[in-house]
Amino acid sequence: MTDLIPHIPSLHDEALAQRLQARIDSKTKPLGSLGQLEALMQRLGLILGSETPLLKQPQLMVFAGDHGLAARGVSAFPPDVTWQMVENFLAGGAAVSVLARQHGLALTVVDAGVRHDFAPRPGLIQAKVAPGTADALEQPAMTADQCATALGAGRELLATQPGNVLILGEMGIGNTSAAALLLARLAGLPIADCVGRGTGLDNAQLARKTEILGQVLARHPQALSPLEALQAFGGFEIAMMVGAVLQAALERRVILVDGFITSSAILVAARLQPAVLERCVFAHRSNEQAHRLMLDQLQAQPLLDLGLRLGEGSGAALAWPLLESACRILVEMASFASAGVSERQS
């Protein structure tokens, strides 16, 4: 499976970083007055290798898959909601659908492993590995071949998409459990710290979810490496996102990361190829309690903190205009010299 993992080189370019900082500092504003937006300008310039970065044809891709573990009652919603929400995305009725229309983002839904047969239509990519993963309490969620297929499909799908921005979204009842398991195993954290309310569990349901996930971890003590953990715990949608992220990083695309589940795919990809993180912009800190721990593992500074926990890519779509603004300011805002404005006295 390791032949599916491309080498991702570092983007370190001190000369470009200095030119970008000089350009930012020369704008008609006090030094550092645009705060986190200035760091975003730097990051986008370094990812795209330009002092005048231009974001082209952003692709919002929502990867969907079902989880065998969902039958254990780890979600407040039944598994059928996965395919029903895919239909909602395609009909334009979900939050991410609305935001994609608002911001002119191309929205594609990828069936990575939903337990339902969808009629072909525009906006849907059918890449089903299998109709849902296995119950991870009984066996690994995926076979090695299935995991490799999902990784390869993610890379191939991304390679066919235009533009230089990947915006990650996901859908899958039970996938906060998969993300929690990946975080606990790869970060060595107690499972109780990694489990959240997901779709809205009450206290009793949360306790049950925590107990079940603890049993799943104990069931797979040998799943220690990123790929072994992905195979044991991950959904097809998470594995396919890992492949897409690796390909996007290889192609030097900007990767705009949504919430807890998409961050779990980044965690796996970054443990495989650390320079992936240099291509990532983290949209927001979600209200899922463990997302803060996930972001700490990724050394990430999210753009927004709105208490969101919807998923779908909705937080990433909300953050998208900040990336556009960062590029526009870097390219279009006047400098002190060009505007004839006096600079700060030393």
# chains A, B, ... in the order shown; residues from 1 in each chain; ligands from 1
>>> residues_around(residues="Glu332 (chain A)", least_positions_apart="6", cutoff="12 Å", atoms="only C-alpha atoms", output="list in words")
Arg23, Ile24, Lys27, Thr28, Glu51, Thr52, Pro53, Leu54, Glu324, Ser325, Ala326, Ser338 and Ala339 of chain A
>>> residues_around(residues="Leu310 (chain A)", least_positions_apart="6", cutoff="9 Å", atoms="only C-alpha atoms", output="PyMOL selection string")
chain A and resi 95+198-199+259+286
>>> atom_distance(atom1="CA of Ser342 (chain A)", atom2="CA of Arg19 (chain A)")
21.2 Å
>>> select_by_dssp(residues="region 178-228 of chain A", states="alpha helix (DSSP H)", output="PyMOL selection string")
chain A and resi 178-187+191-194+203-219+226-228
>>> residues_around(residues="Ala144 (chain A)", least_positions_apart="4", cutoff="12 Å", atoms="only C-alpha atoms", output="ChimeraX atom specification")
/A:1-2,139-140,148-151,223,227-232,234,236,239
>>> residues_around(residues="Ala283 (chain A)", least_positions_apart="6", cutoff="7 Å", atoms="only C-alpha atoms", output="PyMOL selection string")
chain A and resi 256-258+302-304+315-316+319
>>> write_last_selection(atoms="all heavy atoms", output="PDB file, in the first residue's frame")
ATOM      1  N   LEU A 256      -8.206  23.357   1.812  1.00  0.00           N
ATOM      2  CA  LEU A 256      -9.009  24.039   2.824  1.00  0.00           C
ATOM      3  C   LEU A 256      -9.761  22.978   3.620  1.00  0.00           C
ATOM      4  O   LEU A 256     -10.601  22.260   3.084  1.00  0.00           O
ATOM      5  CB  LEU A 256      -9.970  25.030   2.171  1.00  0.00           C
ATOM      6  CG  LEU A 256     -10.859  25.852   3.108  1.00  0.00           C
ATOM      7  CD1 LEU A 256     -10.040  26.597   4.150  1.00  0.00           C
ATOM      8  CD2 LEU A 256     -11.716  26.829   2.297  1.00  0.00           C
ATOM      9  N   VAL A 257      -9.421  22.872   4.907  1.00  0.00           N
ATOM     10  CA  VAL A 257      -9.881  21.776   5.763  1.00  0.00           C
ATOM     11  C   VAL A 257     -11.080  22.235   6.572  1.00  0.00           C
ATOM     12  O   VAL A 257     -11.075  23.333   7.141  1.00  0.00           O
ATOM     13  CB  VAL A 257      -8.753  21.319   6.705  1.00  0.00           C
ATOM     14  CG1 VAL A 257      -9.160  20.073   7.476  1.00  0.00           C
ATOM     15  CG2 VAL A 257      -7.468  21.062   5.911  1.00  0.00           C
ATOM     16  N   ASP A 258     -12.099  21.375   6.667  1.00  0.00           N
ATOM     17  CA  ASP A 258     -13.308  21.716   7.401  1.00  0.00           C
ATOM     18  C   ASP A 258     -13.134  21.386   8.892  1.00  0.00           C
ATOM     19  O   ASP A 258     -12.312  21.991   9.560  1.00  0.00           O
ATOM     20  CB  ASP A 258     -14.504  20.991   6.775  1.00  0.00           C
ATOM     21  CG  ASP A 258     -15.834  21.448   7.357  1.00  0.00           C
ATOM     22  OD1 ASP A 258     -16.004  22.658   7.584  1.00  0.00           O
ATOM     23  OD2 ASP A 258     -16.710  20.598   7.590  1.00  0.00           O
ATOM     24  N   PRO A 302      -6.834  27.706  13.279  1.00  0.00           N
ATOM     25  CA  PRO A 302      -8.014  27.849  12.423  1.00  0.00           C
ATOM     26  C   PRO A 302      -8.420  29.309  12.229  1.00  0.00           C
ATOM     27  O   PRO A 302      -8.124  30.167  13.074  1.00  0.00           O
ATOM     28  CB  PRO A 302      -9.092  27.080  13.190  1.00  0.00           C
ATOM     29  CG  PRO A 302      -8.664  27.160  14.620  1.00  0.00           C
ATOM     30  CD  PRO A 302      -7.158  27.140  14.599  1.00  0.00           C
ATOM     31  N   LEU A 303      -9.094  29.567  11.122  1.00  0.00           N
ATOM     32  CA  LEU A 303      -9.511  30.931  10.802  1.00  0.00           C
ATOM     33  C   LEU A 303     -10.714  31.374  11.615  1.00  0.00           C
ATOM     34  O   LEU A 303     -10.827  32.544  11.984  1.00  0.00           O
ATOM     35  CB  LEU A 303      -9.833  31.032   9.304  1.00  0.00           C
ATOM     36  CG  LEU A 303      -8.676  30.781   8.343  1.00  0.00           C
ATOM     37  CD1 LEU A 303      -9.179  30.786   6.899  1.00  0.00           C
ATOM     38  CD2 LEU A 303      -7.584  31.822   8.529  1.00  0.00           C
ATOM     39  N   LEU A 304     -11.659  30.461  11.875  1.00  0.00           N
ATOM     40  CA  LEU A 304     -12.925  30.813  12.509  1.00  0.00           C
ATOM     41  C   LEU A 304     -13.157  29.951  13.742  1.00  0.00           C
ATOM     42  O   LEU A 304     -12.624  28.850  13.850  1.00  0.00           O
ATOM     43  CB  LEU A 304     -14.095  30.609  11.529  1.00  0.00           C
ATOM     44  CG  LEU A 304     -14.051  31.373  10.201  1.00  0.00           C
ATOM     45  CD1 LEU A 304     -15.180  30.891   9.292  1.00  0.00           C
ATOM     46  CD2 LEU A 304     -14.134  32.864  10.423  1.00  0.00           C
ATOM     47  N   GLY A 315     -18.215  24.580   7.257  1.00  0.00           N
ATOM     48  CA  GLY A 315     -17.301  25.545   7.844  1.00  0.00           C
ATOM     49  C   GLY A 315     -16.238  26.001   6.862  1.00  0.00           C
ATOM     50  O   GLY A 315     -15.849  27.172   6.831  1.00  0.00           O
ATOM     51  N   ALA A 316     -15.766  25.084   6.022  1.00  0.00           N
ATOM     52  CA  ALA A 316     -14.776  25.444   5.001  1.00  0.00           C
ATOM     53  C   ALA A 316     -15.384  26.396   3.981  1.00  0.00           C
ATOM     54  O   ALA A 316     -14.731  27.354   3.550  1.00  0.00           O
ATOM     55  CB  ALA A 316     -14.253  24.186   4.318  1.00  0.00           C
ATOM     56  N   ALA A 319     -15.485  29.836   5.385  1.00  0.00           N
ATOM     57  CA  ALA A 319     -14.169  30.463   5.468  1.00  0.00           C
ATOM     58  C   ALA A 319     -13.610  30.840   4.098  1.00  0.00           C
ATOM     59  O   ALA A 319     -12.681  31.658   4.024  1.00  0.00           O
ATOM     60  CB  ALA A 319     -13.187  29.533   6.178  1.00  0.00           C
TER      61      ALA A 319
END
>>> residues_around(residues="Ala270 (chain A)", least_positions_apart="2", cutoff="10 Å", atoms="only C-alpha atoms", output="VMD selection string")
chain A and resid 8 226 242 245 to 246 264 to 268 272 to 278 298
>>> write_last_selection(atoms="C-alpha atoms", output="compact mmCIF listing (two decimals), in the first residue's frame")
# COMPACT_ATOMS: atom_id res chain seq x y z
CA ILE A 8 5.56 15.37 -0.67
CA PRO A 226 -1.16 5.53 10.14
CA VAL A 242 -6.49 10.89 2.58
CA VAL A 245 -5.20 15.20 0.16
CA LEU A 246 -1.95 13.46 -0.81
CA SER A 264 -8.71 13.22 10.87
CA ALA A 265 -7.92 12.59 7.20
CA ILE A 266 -5.30 15.34 7.39
CA LEU A 267 -3.86 13.72 10.53
CA VAL A 268 -3.37 10.41 8.71
CA LEU A 272 2.47 9.65 6.23
CA GLN A 273 3.95 12.82 4.67
CA PRO A 274 4.48 15.71 7.13
CA ALA A 275 4.88 18.37 4.40
CA VAL A 276 1.15 17.93 3.64
CA LEU A 277 0.53 20.40 6.46
CA GLU A 278 2.34 23.16 4.58
CA LEU A 298 -1.64 19.36 13.54
>>> residues_around(residues="region 79-84 of chain A", least_positions_apart="5", cutoff="9 Å", atoms="only C-alpha atoms", output="list in words")
Ala64, Gly65, Asp66, His67, Gly68, Ala70, Ala71, Phe89, Val114, Arg115, His116, Asp117, Phe118, Met171, Gly172, Ile173 and Gly174 of chain A
>>> residues_around(residues="Gly243 (chain A)", least_positions_apart="4", cutoff="9 Å", atoms="only C-alpha atoms", output="list in words")
Leu4, Ile5, Ala150, Leu151, Gly152, Ala153, Gly154, Arg155, Glu156, Leu157, Leu158, Ile238, Ala239, Gln247, Ala248, Ala265 and Ala269 of chain A
>>> closest_residue(among="A:Leu293, A:Met85, A:Val110, A:Leu201", to="Ala187 (chain A)", atoms="only C-alpha atoms")
A:Leu293
>>> closest_residue(among="A:Gly132, A:Pro6, A:Gly235, A:Pro221", to="Ala179 (chain A)", atoms="only C-alpha atoms")
A:Gly235
>>> closest_residue(among="A:Arg101, A:His7, A:Arg72, A:Lys29", to="Lys209 (chain A)", atoms="only C-alpha atoms")
A:Arg72
>>> atom_distance(atom1="CA of Gln215 (chain A)", atom2="CA of Ala136 (chain A)")
9.6 Å
>>> closest_residue(among="A:Leu250, A:Pro58, A:Phe336, A:Arg279", to="His12 (chain A)", atoms="only C-alpha atoms")
A:Arg279
>>> closest_residue(among="A:Ser225, A:Arg253, A:Arg328, A:Thr143", to="Gln161 (chain A)", atoms="only C-alpha atoms")
A:Arg253
>>> closest_residue(among="A:Met142, A:Val254, A:Ile167, A:Leu217", to="Leu189 (chain A)", atoms="only C-alpha atoms")
A:Leu217
>>> atom_distance(atom1="CA of Leu181 (chain A)", atom2="CA of Ala141 (chain A)")
11.6 Å
